[in-house]
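Participant: Pasting in a structure now, in structure tokens, and then I'll have a few things to ask.
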Amino acid sequence: KVGRKNMELNNTMPTLSVITTFPPNRWDTYAKRMIDSHVEYWPDDVVLYAYHEGEKPNYNHPKVKFINTEEVNPELLKFKQRHKDDPVANGELQEIPNGVRRSEKLQTVGGKDAKKGSYLWDAVRFAHKTFAVDHALKNTDTDYVLWLDADTYTFRKITTEFVTGLLPENKLVNYL
């Protein structure tokens, strides 16, 4: 998009959107708390795009836009269907004919052994996040798009300048 240096040259403030995803069974567990904290502590011009599955939660606020992730990402449903019975795509090790393979180059990631089953390798479970980020990048008109997990919450006022000041200029994807 525009980039911080260009904004500084033009004396414009960077614009920011926040995105998150959550399944229906996590609305009461943590997603509503996260969204409430966004409404209370984030600037009025920072919209939270909440990608949900199934029915839209009964929640209305101008700082929150709900997006049905399955409706806007038909490829997500195809991906999940295609890989639902593939153990490797679901974080396990057992390979099936014509299935997903883990790269032999993987040794360890984040201290976790890449040669054992783990939720860390569950592409099907976490595909919603990737598809939501892709959709947001293509459909928001802001300088920055920030992903926040729905199980996080904000507990004090936050400014756009604070957040954008944490994000490197030369990276496409950043997360907080």
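Identifiers in this document derive from the order of the structure tokens: chains are assigned A, B, ..., residues are numbered from 1 separately in each chain, and ligands are numbered from 1 in order of occurrence.
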Could you build a table of the residues in region 108-160 of chain A lying no more than 12 Å from region 54-68 of chain A, giving for each the nearest pair of atoms and their separation in Å rounded to one decimal place, using only C-alpha atoms, ordered by chain and ascending residue number, as a Markdown table?
Facilitator:
| residue | atom | partner | partner_atom | distance |
| --- | --- | --- | --- | --- |
| A:His128 | CA | A:Asn68 | CA | 10.8 |
| A:Phe131 | CA | A:Asn68 | CA | 11.6 |
| A:Ala132 | CA | A:Ile67 | CA | 9.2 |
| A:His135 | CA | A:Ile67 | CA | 10.1 |
| A:Ala136 | CA | A:Ile67 | CA | 10.0 |
| A:Asn139 | CA | A:Ile67 | CA | 11.4 |
| A:Thr140 | CA | A:Lys65 | CA | 11.4 |
Participant: Please give the complete set of residues from chain A that DSSP, run on the backbone, assigns to helix (DSSP H, G or I), formatted as a ChimeraX atom specification.
Facilitator: /A:4-9,24-41,69-72,74-83,119-121,123-139,160-166
Participant: Between A:Phe155, A:Phe162, A:Phe79, A:Tyr49, which residue has the minimum interatomic distance to Leu137 (chain A), considering only C-alpha atoms?
Facilitator: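 Comparing A:Phe155, A:Phe162, A:Phe79, A:Tyr49 against Leu137 (chain A), the winner is A:Tyr49.
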Participant: Which polymer residues have any atom within 8 Å of an atom of region 84-98 of chain A, counting only C-alpha atoms, with same-chain residues fewer than 2 positions away left out, as a PyMOL selection string?
Facilitator: chain A and resi 80-82+100-102+115-125
Participant: Separation of CA of Val163 (chain A) and CA of Thr69 (chain A), in Å?
Facilitator: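 Distance reported for this atom pair: 25.3 Å.
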Participant: So which one's closest to Glu71 (chain A), A:Pro24, A:Leu172, A:Ser103, A:Glu53? Using only C-alpha atoms, please.
Facilitator: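 Residue with the minimum atom-to-atom distance to Glu71 (chain A): A:Glu53.
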Participant: DSSP says strand (DSSP E or B) for which residues of chain A? Put them as a ChimeraX atom specification?
Facilitator: /A:16-22,47-52,64-68,90,108-109,112-113,122,144-147,175
Participant: Generate the output file for the selected residues, N, CA and C atoms, as a short mmCIF file (atom, residue, chain, number, x, y, z; two decimals), in the first residue's frame.
Facilitator:
data_model
loop_
_atom_site.label_atom_id
_atom_site.label_comp_id
_atom_site.auth_asym_id
_atom_site.auth_seq_id
_atom_site.Cartn_x
_atom_site.Cartn_y
_atom_site.Cartn_z
N LEU A 16 -5.13 2.00 9.50
CA LEU A 16 -4.94 0.65 10.03
C LEU A 16 -6.28 -0.06 10.13
N SER A 17 -6.27 -1.34 9.78
CA SER A 17 -7.40 -2.24 10.03
C SER A 17 -6.86 -3.41 10.85
N VAL A 18 -7.72 -3.98 11.67
CA VAL A 18 -7.38 -5.16 12.46
C VAL A 18 -8.29 -6.28 12.02
N ILE A 19 -7.74 -7.49 11.91
CA ILE A 19 -8.56 -8.64 11.55
C ILE A 19 -8.36 -9.76 12.55
N THR A 20 -9.41 -10.59 12.65
CA THR A 20 -9.35 -11.77 13.52
C THR A 20 -10.33 -12.80 12.98
N THR A 21 -10.22 -14.02 13.46
CA THR A 21 -11.17 -15.08 13.13
C THR A 21 -11.53 -15.82 14.41
N PHE A 22 -12.71 -16.44 14.37
CA PHE A 22 -13.11 -17.29 15.49
C PHE A 22 -14.23 -18.22 15.02
N VAL A 47 -11.06 -0.11 12.18
CA VAL A 47 -12.13 -1.10 12.11
C VAL A 47 -11.55 -2.48 12.37
N LEU A 48 -12.27 -3.27 13.15
CA LEU A 48 -11.94 -4.68 13.38
C LEU A 48 -12.81 -5.50 12.43
N TYR A 49 -12.16 -6.24 11.54
CA TYR A 49 -12.86 -7.16 10.65
C TYR A 49 -12.84 -8.52 11.30
N ALA A 50 -14.02 -8.96 11.76
CA ALA A 50 -14.14 -10.21 12.50
C ALA A 50 -14.69 -11.28 11.56
N TYR A 51 -13.81 -12.16 11.13
CA TYR A 51 -14.19 -13.25 10.23
C TYR A 51 -14.77 -14.39 11.08
N HIS A 52 -16.01 -14.73 10.80
CA HIS A 52 -16.70 -15.76 11.58
C HIS A 52 -17.21 -16.85 10.67
N VAL A 64 -16.72 -2.43 14.25
CA VAL A 64 -16.61 -3.87 14.02
C VAL A 64 -17.41 -4.24 12.78
N LYS A 65 -16.75 -4.93 11.87
CA LYS A 65 -17.42 -5.42 10.67
C LYS A 65 -17.29 -6.94 10.66
N PHE A 66 -18.41 -7.63 10.69
CA PHE A 66 -18.40 -9.09 10.66
C PHE A 66 -18.43 -9.56 9.21
N ILE A 67 -17.60 -10.55 8.93
CA ILE A 67 -17.51 -11.12 7.59
C ILE A 67 -17.61 -12.63 7.72
N ASN A 68 -18.55 -13.22 7.01
CA ASN A 68 -18.67 -14.68 7.03
C ASN A 68 -17.55 -15.25 6.17
N ASN A 90 -3.50 -32.39 8.61
CA ASN A 90 -4.16 -32.19 9.90
C ASN A 90 -3.20 -32.31 11.08
N THR A 108 13.57 -28.36 13.19
CA THR A 108 12.78 -27.89 14.33
C THR A 108 12.26 -26.50 14.00
N VAL A 109 11.12 -26.21 14.54
CA VAL A 109 10.50 -24.90 14.39
C VAL A 109 10.03 -24.46 15.77
N LYS A 112 9.89 -26.89 18.60
CA LYS A 112 9.03 -28.07 18.45
C LYS A 112 9.59 -28.96 17.35
N ASP A 113 9.67 -30.21 17.61
CA ASP A 113 10.19 -31.16 16.63
C ASP A 113 9.21 -31.29 15.48
N ASP A 122 -1.12 -28.27 11.79
CA ASP A 122 -2.49 -28.53 11.34
C ASP A 122 -2.97 -27.44 10.38
N TYR A 144 -2.21 -0.35 6.57
CA TYR A 144 -1.75 -1.52 7.33
C TYR A 144 -2.93 -2.41 7.67
N VAL A 145 -2.70 -3.72 7.61
CA VAL A 145 -3.66 -4.71 8.07
C VAL A 145 -2.95 -5.54 9.13
N LEU A 146 -3.52 -5.56 10.31
CA LEU A 146 -2.91 -6.25 11.45
C LEU A 146 -3.78 -7.41 11.88
N TRP A 147 -3.18 -8.57 12.02
CA TRP A 147 -3.86 -9.75 12.53
C TRP A 147 -3.72 -9.78 14.05
N TYR A 175 2.89 -9.54 12.50
CA TYR A 175 1.87 -9.91 13.44
C TYR A 175 2.28 -9.47 14.83
#
Participant: Rounded to one decimal place, report the CA of Pro43 (chain A)-CA of Lys157 (chain A) distance in Å.
Facilitator: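 Computed distance, CA of Pro43 (chain A) to CA of Lys157 (chain A), equals 8.0 Å.
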Participant: Kindly indicate which residue among A:Asp149, A:Glu70, A:Glu169, A:Asp143 lies nearest to Pro14 (chain A), using only C-alpha atoms for the distances.
Facilitator: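 So, comparing all the options, the nearest one is A:Asp143.
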Participant: What's around Thr152 (chain A) at 10 Å? Count only C-alpha atoms, leave out sequence neighbours fewer than 2 positions away in its own chain, and write the answer as a list in words.
Facilitator: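 That gives Thr20, Tyr30, Ala31, Arg33, Met34, Ile35, Ser37, His38, Leu148, Asp149, Ala150, Thr154 and Phe155 of chain A.
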